There are 2 protein chains.
Amino acid sequence: MPDTADGPYDPFAMIRATTGPELHAALQGVRDAGGAIGFVPTMGALHHGHASLIETARRQCEAVVVSIFVNPRQFGPGEDFTNYPRPIEADLALCSDLDVDVAFVPTVEVMYPAGSETVVRVPELSRHLCGAARQGHFDGVATVVARLFGLVRPHRAYFGEKDHQQLKIIERMTGDLAIGVDIVPCPTVRESDGLAVSSRNAYLGNSERKQAASLHSAMMSALTAVRSGERSVTLLVDMIRREITAAGPCDIDYISIVDSETLADIDTIGGHARICLAVRIGSARLIDNVAVDAPDASG
Amino acid sequence: MPDTADGPYDPFAMIRATTGPELHAALQGVRDAGGAIGFVPTMGALHHGHASLIETARRQCEAVVVSIFVNPRQFGPGEDFTNYPRPIEADLALCSDLDVDVAFVPTVEVMYPAGSETVVRVPELSRHLCGAARQGHFDGVATVVARLFGLVRPHRAYFGEKDHQQLKIIERMTGDLAIGVDIVPCPTVRESDGLAVSSRNAYLGNSERKQAASLHSAMMSALTAVRSGERSVTLLVDMIRREITAAGPCDIDYISIVDSETLADIDTIGGHARICLAVRIGSARLIDNVAVDAPDASG
C-alpha cells in the first residue's frame, strides 16, 4: 500500500519525455485547457534548491515541467562537464515525489541537432562577475534556455537567486526576444550553517565543507557593517576577503559588490546593491550572493 | 462608391499597431479562434517582391501581419541607414490594398527598449557571402526577426529567395531556438529584364538601371553553360564576372557558387548549388542569386 502521507504521490503520473514531439504531446491537454505551464530548467543532481523551485511552480501552475540536461555549451575547456554528477534515477524519483507532470530529459542530439549553431548572447550582463572568468559560459546558458523555452513554451519559469547573474541574463534575454515567459526568481536555499545549496557542494571534503560556510558568514558580516553605516565597497570587500581566507586555503575568483540590475561595479553602497562572490575550495567552485539592504543609502 | 474590382478592399479593415500590446490586442480575436497568422517582416519601401510575399500569406492564413521597421542594427557604419527610403504612407496604402489585417510599425524604442542588448547569432551561415563584407549585419537581422517573431507570434513567416542567405539564417535560427514558426520561402520577383526587384533599385540612375540587368543575364548564361556540361566553378564565376563587367562600371563584392544549404564555397557543380552575387552599381549595392539546376551532376 503506497504511502500517501507526503501528498498526492503517484508514480504513474509523471511522464518522461526525451524529444520535442513527446514533450508537446505530454503538454497538449493542459495547453488546450488553458492551464498555466510552469518550467524548472535544471542540469539534474537535484537538491533542496531545485525542490524549492519545483514546489513554487507546483503551487502556481496547473502543470509543472522539469528539464534535466547537462548542457555541454555552458562548460568551458577544463571545467567539470565530464565529472558533473548525473544521478538520473534519483532525480526522476525526486521529481515524481514532488508531483512533477513532465520530466524532460533530452539527449545532446535533441538539444543540438546536426547543423545547430545559433548563439544567444547578452554581452553586457555577461561580461561581469562569473562571465569574466568563464568565457562563453553565459552564451551557453542563454542559448540553451532560449531553446528550452521554445520547446516547453511555459507560461512561467523558475530560477534561483543563487545564480543571480544567470537570473538577470535570462530576464534580459526573455524580455529582449519577447519570448513571453514570466521569469520567477526564487530565494536561495541554504544549509543550516548558511552555505548555499549547490550540486557542486558534493565535491567538498569534510573540512572543506565546514570551511565553505565562511562564504555566507563573511557576507553576513559585511551586511552587519553596512547596517552600522559602512558604505565603502573597498572596505567591505576587504572585510569579506579576510574572513574567507582566514577560514582556510581557497582561491578567490572574485568578491564584488555590484548594482543588482546592471551587475556593474559600484564604489559606494546605495540603491540596489548586491554582494557576489565566487571562491574555489578544493575542487569545488562555489558562488553565492546576497542583496545589500541599505535603507538609508539613498535617503 | 468604392472600387471593389480588385477584391475585398476596405480601408477601415487594416489596424495600424505601434506597440506590442496594440499588436497583441489586434490579433487576440484570430488567435483565440485558432486562425493561422501569417507574417511578412519588412523594412518598408514596399515593392512587387513584398506584394508577392503578402499575397502568398493572404492565401495561406486567416490573418496577415506586415511589419515595417528600418532596423538600425542591420546597417553597418557607412551603410545607407539614414538614406534608406521610408515612404510610410505609400507602404500602408499598399498593405491596405493587399488586405493586410495588421500593419505593425514600431519605433526604435519599441523594438529596442532601454537596456536591450541581446544578440542572436548564426555564426557559420553568417560568415559567408554578404556576411564577410557586412560585419554584424546578419546578427542584426537574426536578432530583430527573433524579437518580431516573439511579438507577433505568427504561425508562418514569409521570406524572399532574393535574400537567400538571410532566408537560410532565419530558417536555422528558428529551428535552433525551437521558435515554432514555419518559414515559407517565396520566389524572387523580377522586372521584365530579369533584374530582381529591390528597394535599393531606386538608387539606380537610368543607365545604371539598364546595366543592372547584366547581373541576372550573366547568371542565366552560367546556367546555360551548366546545362551544356560545364562543371568548373572557377570557369563559371569567370564567365559571370566578364559579362557583368562588360556591361559597365561596377564594383563586384563577390560572385560565388556555394552549397545552397551550408553556403560554403564549392569547386564543382553538383548537389544543391546556388550562384550568389553582390555588385555595386553607382550607389546601389545589388544582390541576387539563382539555384543551379544540374540534374546529371550527381548521376
# chains A, B, ... in the order shown; residues from 1 in each chain; ligands from 1
>>> interface_residues(of="chain B", to="chain A", cutoff="12 Å", atoms="only C-alpha atoms", output="PyMOL selection string")
chain B and resi 20-21+24+32+34+109-126+138-139+142-153+168-181+261-262
>>> write_last_selection(atoms="C-alpha atoms", output="PDB file, in the first residue's frame")
ATOM      1  CA  GLY B  20       3.498  45.099 -28.591  1.00  0.00           C
ATOM      2  CA  PRO B  21       0.272  45.435 -26.559  1.00  0.00           C
ATOM      3  CA  HIS B  24      -1.480  41.590 -29.267  1.00  0.00           C
ATOM      4  CA  ASP B  32      -8.496  32.775 -29.829  1.00  0.00           C
ATOM      5  CA  GLY B  34      -7.412  29.255 -33.753  1.00  0.00           C
ATOM      6  CA  GLU B 109      12.243  52.356 -28.688  1.00  0.00           C
ATOM      7  CA  VAL B 110       9.557  49.686 -29.012  1.00  0.00           C
ATOM      8  CA  MET B 111      11.966  47.306 -30.695  1.00  0.00           C
ATOM      9  CA  TYR B 112      14.983  48.148 -28.532  1.00  0.00           C
ATOM     10  CA  PRO B 113      13.864  49.484 -25.154  1.00  0.00           C
ATOM     11  CA  ALA B 114      16.477  50.962 -22.831  1.00  0.00           C
ATOM     12  CA  GLY B 115      18.870  48.247 -21.668  1.00  0.00           C
ATOM     13  CA  SER B 116      18.057  45.949 -24.582  1.00  0.00           C
ATOM     14  CA  GLU B 117      21.235  44.126 -25.551  1.00  0.00           C
ATOM     15  CA  THR B 118      20.542  40.515 -26.513  1.00  0.00           C
ATOM     16  CA  VAL B 119      22.143  39.401 -29.778  1.00  0.00           C
ATOM     17  CA  VAL B 120      21.139  36.334 -31.766  1.00  0.00           C
ATOM     18  CA  ARG B 121      23.939  34.985 -33.957  1.00  0.00           C
ATOM     19  CA  VAL B 122      24.119  32.266 -36.566  1.00  0.00           C
ATOM     20  CA  PRO B 123      27.876  32.453 -36.950  1.00  0.00           C
ATOM     21  CA  GLU B 124      28.680  29.835 -39.606  1.00  0.00           C
ATOM     22  CA  LEU B 125      25.958  30.743 -42.096  1.00  0.00           C
ATOM     23  CA  SER B 126      26.692  34.426 -41.450  1.00  0.00           C
ATOM     24  CA  PHE B 138      23.144  39.143 -40.044  1.00  0.00           C
ATOM     25  CA  ASP B 139      23.387  39.358 -36.256  1.00  0.00           C
ATOM     26  CA  ALA B 142      18.561  37.399 -36.761  1.00  0.00           C
ATOM     27  CA  THR B 143      18.048  39.464 -33.612  1.00  0.00           C
ATOM     28  CA  VAL B 144      15.299  41.689 -34.997  1.00  0.00           C
ATOM     29  CA  VAL B 145      13.477  38.750 -36.571  1.00  0.00           C
ATOM     30  CA  ALA B 146      13.663  36.783 -33.304  1.00  0.00           C
ATOM     31  CA  ARG B 147      12.121  39.720 -31.446  1.00  0.00           C
ATOM     32  CA  LEU B 148       9.498  40.268 -34.154  1.00  0.00           C
ATOM     33  CA  PHE B 149       8.590  36.572 -34.012  1.00  0.00           C
ATOM     34  CA  GLY B 150       8.191  36.937 -30.247  1.00  0.00           C
ATOM     35  CA  LEU B 151       5.972  39.991 -30.589  1.00  0.00           C
ATOM     36  CA  VAL B 152       3.836  38.755 -33.496  1.00  0.00           C
ATOM     37  CA  ARG B 153       3.813  35.008 -32.631  1.00  0.00           C
ATOM     38  CA  LYS B 168      18.861  30.250 -44.582  1.00  0.00           C
ATOM     39  CA  ILE B 169      19.912  32.129 -41.431  1.00  0.00           C
ATOM     40  CA  ILE B 170      16.296  32.686 -40.388  1.00  0.00           C
ATOM     41  CA  GLU B 171      15.443  29.038 -41.041  1.00  0.00           C
ATOM     42  CA  ARG B 172      18.412  27.962 -38.929  1.00  0.00           C
ATOM     43  CA  MET B 173      17.693  30.392 -36.107  1.00  0.00           C
ATOM     44  CA  THR B 174      14.025  29.467 -35.988  1.00  0.00           C
ATOM     45  CA  GLY B 175      14.839  25.765 -35.824  1.00  0.00           C
ATOM     46  CA  ASP B 176      17.702  26.084 -33.344  1.00  0.00           C
ATOM     47  CA  LEU B 177      15.652  28.147 -30.903  1.00  0.00           C
ATOM     48  CA  ALA B 178      12.539  25.985 -31.473  1.00  0.00           C
ATOM     49  CA  ILE B 179      10.565  29.151 -32.154  1.00  0.00           C
ATOM     50  CA  GLY B 180       7.774  27.196 -33.800  1.00  0.00           C
ATOM     51  CA  VAL B 181       7.235  29.425 -36.836  1.00  0.00           C
ATOM     52  CA  GLU B 261      22.223  24.916 -47.534  1.00  0.00           C
ATOM     53  CA  THR B 262      25.628  25.478 -45.910  1.00  0.00           C
TER      54      THR B 262
END
>>> residues_around(residues="range 280-291 of chain A", least_positions_apart="6", cutoff="9 Å", atoms="only C-alpha atoms", output="PyMOL selection string")
chain A and resi 130+161-164+188+195-196+198+200-205+208-209+211-212+215-216+219-220+223+248-253+260+272-274
>>> residues_around(residues="Asp267 in chain A", least_positions_apart="6", cutoff="10 Å", atoms="only C-alpha atoms", output="ChimeraX atom specification")
/A:231-234,257-259
>>> atom_distance(atom1="CA of Tyr158 in chain B", atom2="CA of Val40 in chain B")
5.3 Å
>>> select_by_dssp(residues="range 146-188 of chain A", states="alpha helix (DSSP H)", output="PyMOL selection string")
chain A and resi 146-152+164-176
>>> residues_around(residues="Tyr254 in chain B", least_positions_apart="5", cutoff="10 Å", atoms="only C-alpha atoms", output="list in words")
Leu129, Cys130, Ala132, Ala133, Val237, Arg241, Cys276, Leu277, Ala278, Val279, Arg280 and Ile287 of chain B
>>> write_last_selection(atoms="N, CA and C atoms", output="compact mmCIF listing (two decimals), in the first residue's frame")
# COMPACT_ATOMS: atom_id res chain seq x y z
N LEU B 129 29.51 34.93 -48.00
CA LEU B 129 28.79 35.82 -48.91
C LEU B 129 28.68 37.24 -48.34
N CYS B 130 27.47 37.76 -48.19
CA CYS B 130 27.29 39.13 -47.70
C CYS B 130 27.83 39.32 -46.29
N ALA B 132 30.60 38.35 -45.04
CA ALA B 132 32.03 38.64 -44.98
C ALA B 132 32.29 40.14 -45.05
N ALA B 133 31.54 40.84 -45.89
CA ALA B 133 31.76 42.29 -46.05
C ALA B 133 30.92 43.10 -45.06
N VAL B 237 32.32 31.22 -62.66
CA VAL B 237 32.42 32.52 -62.00
C VAL B 237 33.11 33.54 -62.91
N ARG B 241 31.59 37.06 -64.19
CA ARG B 241 32.32 38.29 -63.92
C ARG B 241 32.56 39.06 -65.23
N CYS B 276 25.46 33.06 -56.18
CA CYS B 276 25.10 34.22 -55.38
C CYS B 276 26.07 35.35 -55.72
N LEU B 277 25.54 36.57 -55.80
CA LEU B 277 26.44 37.68 -56.09
C LEU B 277 25.95 38.96 -55.43
N ALA B 278 26.93 39.85 -55.24
CA ALA B 278 26.65 41.19 -54.75
C ALA B 278 27.53 42.14 -55.55
N VAL B 279 26.90 43.12 -56.18
CA VAL B 279 27.61 44.03 -57.09
C VAL B 279 27.12 45.44 -56.81
N ARG B 280 28.07 46.35 -56.70
CA ARG B 280 27.70 47.74 -56.51
C ARG B 280 27.72 48.45 -57.87
N ILE B 287 22.06 42.62 -54.73
CA ILE B 287 22.34 41.20 -54.54
C ILE B 287 21.34 40.40 -55.35
